[in-house]
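*Asks:* So here's my_file13.txt, just compact mmCIF, C-alpha atoms and all ligand atoms:
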# COMPACT_ATOMS: atom_id res chain seq x y z
CA MET A 1 110.70 90.21 11.02
CA GLU A 2 110.52 93.62 9.43
CA VAL A 3 111.19 96.43 11.90
CA GLN A 4 109.33 99.64 11.09
CA SER A 5 111.33 102.85 11.05
CA PRO A 6 110.46 105.45 13.68
CA GLN A 7 109.26 107.75 10.86
CA LEU A 8 105.80 106.25 10.83
CA PRO A 9 103.02 107.70 8.70
CA PRO A 10 100.44 109.86 10.49
CA LEU A 11 97.44 108.16 12.07
CA GLN A 12 94.73 107.09 9.67
CA PRO A 13 91.47 109.04 9.76
CA GLY A 14 88.42 106.98 10.70
CA THR A 15 90.41 104.47 12.75
CA LEU A 16 89.67 103.11 16.20
CA TYR A 17 92.94 102.61 18.08
CA LEU A 18 92.87 100.22 21.05
CA VAL A 19 95.67 101.57 23.17
CA ALA A 20 97.16 99.40 25.92
CA THR A 21 98.27 101.35 28.97
CA PRO A 22 100.46 100.37 31.97
CA ILE A 23 99.18 97.87 34.54
CA GLY A 24 101.25 99.49 37.26
CA ASN A 25 104.59 100.67 36.00
CA LEU A 26 104.30 103.82 33.90
CA GLU A 27 107.53 102.92 32.09
CA ASP A 28 105.55 100.21 30.33
CA ILE A 29 103.76 102.65 28.03
CA THR A 30 104.96 102.17 24.47
CA LEU A 31 106.27 104.88 22.15
CA ARG A 32 103.47 104.04 19.75
CA ALA A 33 100.84 104.36 22.46
CA LEU A 34 102.14 107.83 23.29
CA ARG A 35 102.13 108.88 19.64
CA VAL A 36 98.58 107.63 19.12
CA LEU A 37 97.37 109.39 22.27
CA ARG A 38 99.11 112.57 21.16
CA GLU A 39 97.82 112.50 17.58
CA CYS A 40 94.26 111.18 17.97
CA ASP A 41 91.23 113.49 18.00
CA VAL A 42 89.61 112.09 21.12
CA VAL A 43 90.38 109.54 23.83
CA ALA A 44 87.50 107.28 24.86
CA ALA A 45 88.26 106.18 28.42
CA GLU A 46 86.77 103.79 30.95
CA ASP A 47 87.45 106.37 33.67
CA THR A 48 88.10 109.84 32.27
CA ARG A 49 89.59 111.11 35.54
CA ARG A 50 92.09 108.27 35.75
CA SER A 51 93.07 108.39 32.09
CA GLY A 52 93.26 112.19 32.33
CA GLN A 53 95.93 111.74 35.00
CA LEU A 54 97.84 109.30 32.81
CA LEU A 55 97.74 111.70 29.85
CA LYS A 56 98.83 114.55 32.09
CA HIS A 57 101.77 112.50 33.34
CA PHE A 58 102.96 112.20 29.74
CA GLY A 59 102.24 115.86 28.95
CA ILE A 60 99.30 115.07 26.67
CA SER A 61 96.10 117.09 26.62
CA LYS A 62 93.14 115.60 24.72
CA PRO A 63 89.35 115.70 24.85
CA LEU A 64 88.13 112.69 26.81
CA LEU A 65 84.93 110.75 26.31
CA SER A 66 83.69 108.30 28.90
CA TYR A 67 83.20 104.74 27.70
CA PHE A 68 82.45 102.19 30.38
CA GLN A 69 80.42 99.07 30.98
CA PHE A 70 77.09 100.83 31.53
CA ASN A 71 77.19 103.34 28.67
CA GLU A 72 78.94 101.10 26.15
CA ALA A 73 75.93 100.74 23.84
CA LYS A 74 75.20 104.47 23.60
CA ARG A 75 78.83 105.51 23.47
CA SER A 76 79.65 102.90 20.84
CA GLU A 77 77.17 104.60 18.50
CA GLU A 78 78.74 107.96 19.20
CA ILE A 79 82.24 106.62 18.59
CA ILE A 80 81.11 105.02 15.32
CA GLU A 81 79.64 108.37 14.23
CA ARG A 82 82.93 110.08 14.98
CA LEU A 83 84.87 107.44 13.06
CA ARG A 84 82.55 107.88 10.10
CA ARG A 85 83.32 111.60 10.16
CA GLY A 86 86.98 110.66 9.84
CA GLU A 87 88.05 111.15 13.45
CA LYS A 88 90.86 109.13 14.96
CA VAL A 89 89.61 107.66 18.22
CA ALA A 90 91.88 106.10 20.86
CA LEU A 91 90.23 103.76 23.35
CA VAL A 92 91.93 103.20 26.70
CA THR A 93 90.85 101.46 29.88
CA ASP A 94 92.04 101.94 33.45
CA ALA A 95 94.96 99.57 32.90
CA GLY A 96 96.24 97.11 30.35
CA SER A 97 94.68 96.11 27.07
CA PRO A 98 91.16 97.29 26.18
CA GLY A 99 88.71 94.43 25.74
CA ILE A 100 90.51 92.05 28.09
CA SER A 101 88.15 91.87 31.08
CA ASP A 102 87.53 95.52 30.24
CA PRO A 103 85.22 97.48 27.95
CA GLY A 104 86.06 97.46 24.25
CA GLU A 105 84.57 94.41 22.57
CA ARG A 106 81.28 96.09 21.75
CA VAL A 107 82.68 99.12 19.96
CA VAL A 108 85.23 96.98 18.14
CA ARG A 109 82.46 94.77 16.79
CA ALA A 110 80.38 97.80 15.81
CA ALA A 111 83.35 99.37 14.02
CA ILE A 112 84.16 96.18 12.12
CA GLY A 113 80.49 95.74 11.28
CA GLY A 114 80.45 99.29 9.91
CA GLY A 115 83.45 98.61 7.69
CA LEU A 116 85.67 100.86 9.79
CA ARG A 117 89.33 100.35 10.58
CA VAL A 118 90.44 99.00 13.98
CA GLU A 119 94.05 98.84 15.14
CA ALA A 120 95.43 97.39 18.35
CA VAL A 121 98.28 99.37 19.84
CA ALA A 122 99.65 96.40 21.74
CA GLY A 123 101.27 96.72 25.13
CA PRO A 124 100.78 95.76 28.77
CA CYS A 125 98.35 93.00 29.64
CA ALA A 126 98.30 91.30 33.05
CA LEU A 127 97.40 87.95 31.50
CA VAL A 128 100.47 87.86 29.26
CA ALA A 129 102.87 89.20 31.91
CA ALA A 130 101.67 86.63 34.45
CA LEU A 131 101.60 83.69 32.08
CA THR A 132 105.01 84.26 30.55
CA ALA A 133 106.75 84.62 33.94
CA SER A 134 104.74 81.90 35.69
CA GLY A 135 106.85 78.95 34.64
CA LEU A 136 103.66 77.09 33.70
CA PRO A 137 103.07 75.87 30.14
CA THR A 138 102.52 78.75 27.72
CA GLU A 139 102.01 76.78 24.53
CA GLU A 140 98.36 76.29 25.26
CA PHE A 141 96.33 78.29 27.77
CA HIS A 142 92.73 79.15 28.52
CA PHE A 143 91.94 82.69 29.67
CA VAL A 144 88.93 82.76 31.96
CA GLY A 145 89.16 86.28 33.35
CA PHE A 146 86.89 86.87 36.37
CA LEU A 147 84.73 84.03 37.63
CA PRO A 148 81.13 84.92 38.54
CA HIS A 149 80.55 86.02 42.15
CA LYS A 150 78.03 83.37 43.17
CA SER A 151 79.56 80.29 44.77
CA GLY A 152 77.51 77.73 42.82
CA GLN A 153 78.26 79.36 39.47
CA ARG A 154 81.98 79.61 40.29
CA ARG A 155 82.12 75.97 41.22
CA ASN A 156 80.27 74.93 38.04
CA GLN A 157 82.58 76.97 35.86
CA LEU A 158 85.66 75.52 37.54
CA GLU A 159 84.33 72.02 37.01
CA ALA A 160 83.48 72.81 33.39
CA LEU A 161 87.07 73.89 32.79
CA ARG A 162 88.42 70.45 33.68
CA PRO A 163 88.74 69.26 30.05
CA ALA A 164 90.39 72.52 28.92
CA GLY A 165 93.96 71.98 27.83
CA GLY A 166 97.01 73.91 29.01
CA THR A 167 97.21 76.54 31.72
CA LEU A 168 94.07 78.19 33.09
CA VAL A 169 94.36 81.93 33.71
CA PHE A 170 92.02 83.82 36.06
CA TYR A 171 91.76 87.43 37.16
CA GLU A 172 90.70 87.80 40.77
CA SER A 173 90.08 90.60 43.21
CA PRO A 174 91.98 90.66 46.51
CA TYR A 175 88.63 90.19 48.33
CA ARG A 176 88.05 86.79 46.76
CA ILE A 177 91.58 85.45 46.45
CA GLU A 178 91.27 83.22 49.50
CA LYS A 179 87.89 81.98 48.29
CA LEU A 180 89.35 81.10 44.89
CA LEU A 181 92.26 79.22 46.45
CA GLY A 182 89.80 77.27 48.60
CA GLU A 183 87.78 76.38 45.50
CA LEU A 184 90.89 75.35 43.60
CA ASN A 185 91.88 73.17 46.52
CA GLU A 186 88.58 71.35 46.19
CA VAL A 187 88.41 71.09 42.40
CA TYR A 188 92.10 70.88 41.41
CA PRO A 189 94.02 69.87 44.57
CA GLY A 190 96.92 68.26 42.71
CA ARG A 191 97.63 71.02 40.20
CA ASP A 192 100.42 73.58 40.29
CA VAL A 193 99.13 77.08 40.97
CA VAL A 194 100.88 80.41 40.56
CA LEU A 195 99.71 83.68 42.08
CA ALA A 196 101.12 86.64 40.17
CA ARG A 197 100.68 89.62 42.47
CA GLU A 198 101.17 93.33 41.77
CA LEU A 199 102.82 92.80 38.38
CA SER A 200 105.25 95.52 37.33
CA LYS A 201 104.82 97.28 40.69
CA LYS A 202 107.09 97.69 43.69
CA PHE A 203 105.75 94.66 45.54
CA GLU A 204 105.50 92.31 42.58
CA GLU A 205 105.78 88.69 43.60
CA PHE A 206 105.09 85.21 42.30
CA LEU A 207 103.86 82.60 44.74
CA ARG A 208 104.00 79.03 43.54
CA GLY A 209 102.59 75.84 45.05
CA LYS A 210 99.64 73.50 45.30
CA PRO A 211 96.29 75.16 46.12
CA ALA A 212 96.45 74.04 49.78
CA GLU A 213 99.93 75.52 50.22
CA LEU A 214 98.94 78.86 48.71
CA LEU A 215 95.72 78.91 50.70
CA ALA A 216 97.77 78.55 53.87
CA VAL A 217 99.95 81.50 52.77
CA ALA A 218 96.89 83.61 51.98
CA GLN A 219 95.31 82.83 55.35
CA LYS A 220 98.51 83.73 57.15
CA ARG A 221 99.46 86.87 55.24
CA SER A 222 96.09 88.27 54.06
CA LEU A 223 97.37 89.04 50.57
CA LYS A 224 96.66 92.45 49.09
CA GLY A 225 96.89 94.04 45.66
CA GLU A 226 96.03 92.80 42.19
CA PHE A 227 96.25 89.15 41.20
CA VAL A 228 96.41 86.87 38.26
CA VAL A 229 95.88 83.25 39.27
CA LEU A 230 97.25 80.53 37.01
CA VAL A 231 96.50 76.83 37.24
CA GLY A 232 98.80 74.37 35.53
CA PRO A 233 97.43 71.50 33.48
CA GLU A 234 96.67 68.15 35.00
CA VAL A 235 99.80 66.03 35.06
CA ARG A 236 98.83 62.57 34.00
CA GLU A 237 101.04 59.85 35.32
CA LYS A 238 103.02 58.38 32.49
CA LYS A 239 102.24 54.71 31.99
CA ALA A 240 105.33 52.54 31.88
CA VAL A 241 105.95 51.67 28.27
CA THR A 242 106.66 48.00 27.81
CA LEU A 243 108.84 47.51 24.79
CA PRO A 244 108.04 44.44 22.77
CA THR A 245 110.56 41.70 23.13
CA ILE A 246 111.86 40.14 20.00
N1 LIG A 301 92.60 94.96 30.72
C1 LIG A 301 93.46 94.53 31.76
C2 LIG A 301 94.60 93.70 31.18
O1 LIG A 301 94.90 93.85 30.00
O2 LIG A 301 95.21 92.92 31.90
C3 LIG A 301 92.71 93.81 32.86
C4 LIG A 301 91.64 94.63 33.51
S1 LIG A 301 90.74 93.81 34.74
C5 LIG A 301 89.46 94.95 35.05
C6 LIG A 301 91.72 94.04 36.17
C7 LIG A 301 92.32 92.73 36.68
O3 LIG A 301 93.50 92.43 35.94
C8 LIG A 301 92.75 92.78 38.13
O4 LIG A 301 91.68 92.52 39.01
C9 LIG A 301 93.80 91.69 38.17
O5 LIG A 301 93.20 90.42 38.23
C10 LIG A 301 94.46 91.87 36.82
N2 LIG A 301 95.57 92.83 36.92
C11 LIG A 301 95.63 94.08 36.43
N3 LIG A 301 96.81 94.66 36.74
C12 LIG A 301 97.50 93.75 37.46
C13 LIG A 301 98.77 93.76 38.08
N4 LIG A 301 99.57 94.83 38.03
N5 LIG A 301 99.18 92.64 38.73
C14 LIG A 301 98.38 91.55 38.80
N6 LIG A 301 97.17 91.50 38.23
C15 LIG A 301 96.73 92.58 37.58
For this file, produce the structure as structure tokens.
*Replies:*
Amino acid sequence: MEVQSPQLPPLQPGTLYLVATPIGNLEDITLRALRVLRECDVVAAEDTRRSGQLLKHFGISKPLLSYFQFNEAKRSEEIIERLRRGEKVALVTDAGSPGISDPGERVVRAAIGGGLRVEAVAGPCALVAALTASGLPTEEFHFVGFLPHKSGQRRNQLEALRPAGGTLVFYESPYRIEKLLGELNEVYPGRDVVLARELSKKFEEFLRGKPAELLAVAQKRSLKGEFVVLVGPEVREKKAVTLPTI
């Protein structure tokens, strides 16, 4: 692996930089993220107030442009215009990697479609942090993100995931964590489940068990905070191999 020297060339004009930001612990910001945020022309942010605070924490002052779910289409056009003029645009979301259960995909596609340059400034992502520390298989996994809110649709999606290989990874809000564990208990009662709670924060914890065991914990403790829920693959019982006799 070639390690780049810290004397990196200046940012490239007309580039969209997808900048990952901390998911809890501010120490997780990368040196490259800070440089891009410092040297870009404008920061497109899911929540300008929140990202403004992050920039302030790192002593960075930049014009901010709001870019969130409900103005994505309009703002994407504006961002593309800026890129065409040669601006360097950094896109950040409230936490973690843009485009992962967060706005980003639309403007990325528009930029690529317009022949513009897109760079990911990789860094924190709850999915990766949870999966790698879960102890569940990492070789193959299926990222689901948030399930729909409606019970029937959730159930159908969980059922539809049955043939998926490897570990299933969900994002879930604290208000529906008990509901999800109940659903997992019905659909995947025998699988290993890991709840990764409050990653990189003071009360980070990993809870491991079968869905019924974790449901009992959730009912007893009323779990709070942010969660990634991981479901291990189905463990098929190994058939006894009968060796041929000579
Ligand atoms: N883009 C982000 C990323 O790269 O992980 C995810 C954004 S999504 C709107 C927010 C969800 O990510 C939360 O509801 C939770 O499921 C998960 N998440 C974010 N930060 C987390 C943390 N510190 N601990 C556990 N889960 C977290």
*Asks:* In Å, how far is it from atom CA of A:Val235 to atom CA of A:Leu184?
*Replies:*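 Result for atom CA of A:Val235 versus atom CA of A:Leu184: 15.5 Å, one decimal.
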*Asks:* For the atom pair atom CA of A:Leu199 and atom CA of A:Ser61, what is the interatomic distance in Å to one decimal place?
*Replies:*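 Between these atoms lies a distance of 27.8 Å.
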*Asks:* Which residue is closest to ligand LIG 301 (chain A)? Choose from A:Gln53, A:Thr93, A:Thr167, A:Gln69 and count all atoms listed in the file.
*Replies:*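 Using all atoms listed in the file, ligand LIG 301 (chain A) sits closest to A:Thr93.
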*Asks:* Let me make sure I understand: among A:Arg155, A:Lys210, A:Lys201, A:Arg236, which one has the smallest atom-to-atom distance to ligand LIG 301 (chain A) if we use all atoms listed in the file?
*Replies:*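 Answer, going by the shortest atom-to-atom distance: A:Lys201.
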*Asks:* Counting all atoms listed in the file, what is within 10 Å of A:Ala133, bar same-chain residues fewer than 3 positions away, as an mmCIF file with C-alpha atoms, keeping the file's coordinate frame?
*Replies:*
data_model
loop_
_atom_site.group_PDB
_atom_site.id
_atom_site.type_symbol
_atom_site.label_atom_id
_atom_site.label_comp_id
_atom_site.auth_asym_id
_atom_site.auth_seq_id
_atom_site.Cartn_x
_atom_site.Cartn_y
_atom_site.Cartn_z
ATOM 1 C CA VAL A 128 100.470 87.860 29.260
ATOM 2 C CA ALA A 129 102.870 89.200 31.910
ATOM 3 C CA ALA A 130 101.670 86.630 34.450
ATOM 4 C CA LEU A 136 103.660 77.090 33.700
ATOM 5 C CA THR A 138 102.520 78.750 27.720
ATOM 6 C CA VAL A 194 100.880 80.410 40.560
ATOM 7 C CA ALA A 196 101.120 86.640 40.170
ATOM 8 C CA PHE A 206 105.090 85.210 42.300
#
*Asks:* Could you tell me how far atom CA of A:Val42 lies from atom CA of A:Arg75, in Å and to one decimal?
*Replies:* 12.8 Å
*Asks:* Counting all atoms listed in the file, which of A:Leu131, A:Leu64, A:Val187, A:Ala160 gets nearest to A:Val89?
*Replies:*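 Going through A:Leu131, A:Leu64, A:Val187, A:Ala160 one by one, the smallest distance to A:Val89 is for A:Leu64.
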*Asks:* Collect all residues with atoms no farther than 6 Å from ligand LIG 301 (chain A), counting all atoms listed in the file, and output them as a count of residues only.
*Replies:* 23
*Asks:* Using all atoms listed in the file, which residues sit within 12 Å of A:Glu78 once same-chain residues fewer than 2 positions away are excluded, as a PyMOL selection string?
*Replies:* chain A and resi 42+44+65-67+71-76+80-85+87+89+107+110-111
*Asks:* Please provide as a list in words all residues within 10 Å of A:Pro163, with the sequence filter that same-chain residues fewer than 3 positions apart are discarded (counting only C-alpha atoms).
*Replies:*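 Counting only C-alpha atoms, the residues come to Glu159, Ala160, Gly166, Pro233 and Glu234 of chain A.
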*Asks:* Excluding same-chain residues fewer than 4 positions from A:Leu18, what lies within 12 Å of it counting only C-alpha atoms, as a VMD selection string?
*Replies:* chain A and resid 32 to 33 36 to 37 40 43 to 45 88 to 93 96 to 100 102 to 105 107 to 108 111 117 to 124
*Asks:* Identify the residues within 9 Å of coordinate (104.0, 78.6, 41.4) (same frame as the file), considering all atoms listed in the file, and give the answer as a VMD selection string.
*Replies:* chain A and resid 134 to 136 192 to 196 206 to 210 214 230 to 232
*Asks:* Taking into account only C-alpha atoms, which residue in the set A:Val229, A:Leu34, A:Ala212, A:Ala218 is nearest to A:Phe170?
*Replies:* A:Val229
*Asks:* Extract, using all atoms listed in the file, all DNA, RNA and protein residues at most 10 Å from A:Gly182, discarding same-chain residues fewer than 3 positions from it, and format them as a list of chain:residue names.
*Replies:* A:Arg176, A:Ile177, A:Glu178, A:Lys179, A:Asn185, A:Glu186, A:Val187, A:Tyr188, A:Pro189, A:Pro211, A:Ala212, A:Leu214, A:Leu215, A:Ala216
*Asks:* Measuring atom to atom with all atoms listed in the file, identify which of A:Ile29, A:Leu168, A:Ile79, A:Leu116 is nearest to A:Thr15.
*Replies:*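 Answer, going by the shortest atom-to-atom distance: A:Leu116.
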*Asks:* Which residue is closest to A:Lys202? Choose from A:Gly225, A:Leu31, A:Lys150, A:Thr132 and count all atoms listed in the file.
*Replies:*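 So, comparing all the options, the nearest one is A:Gly225.
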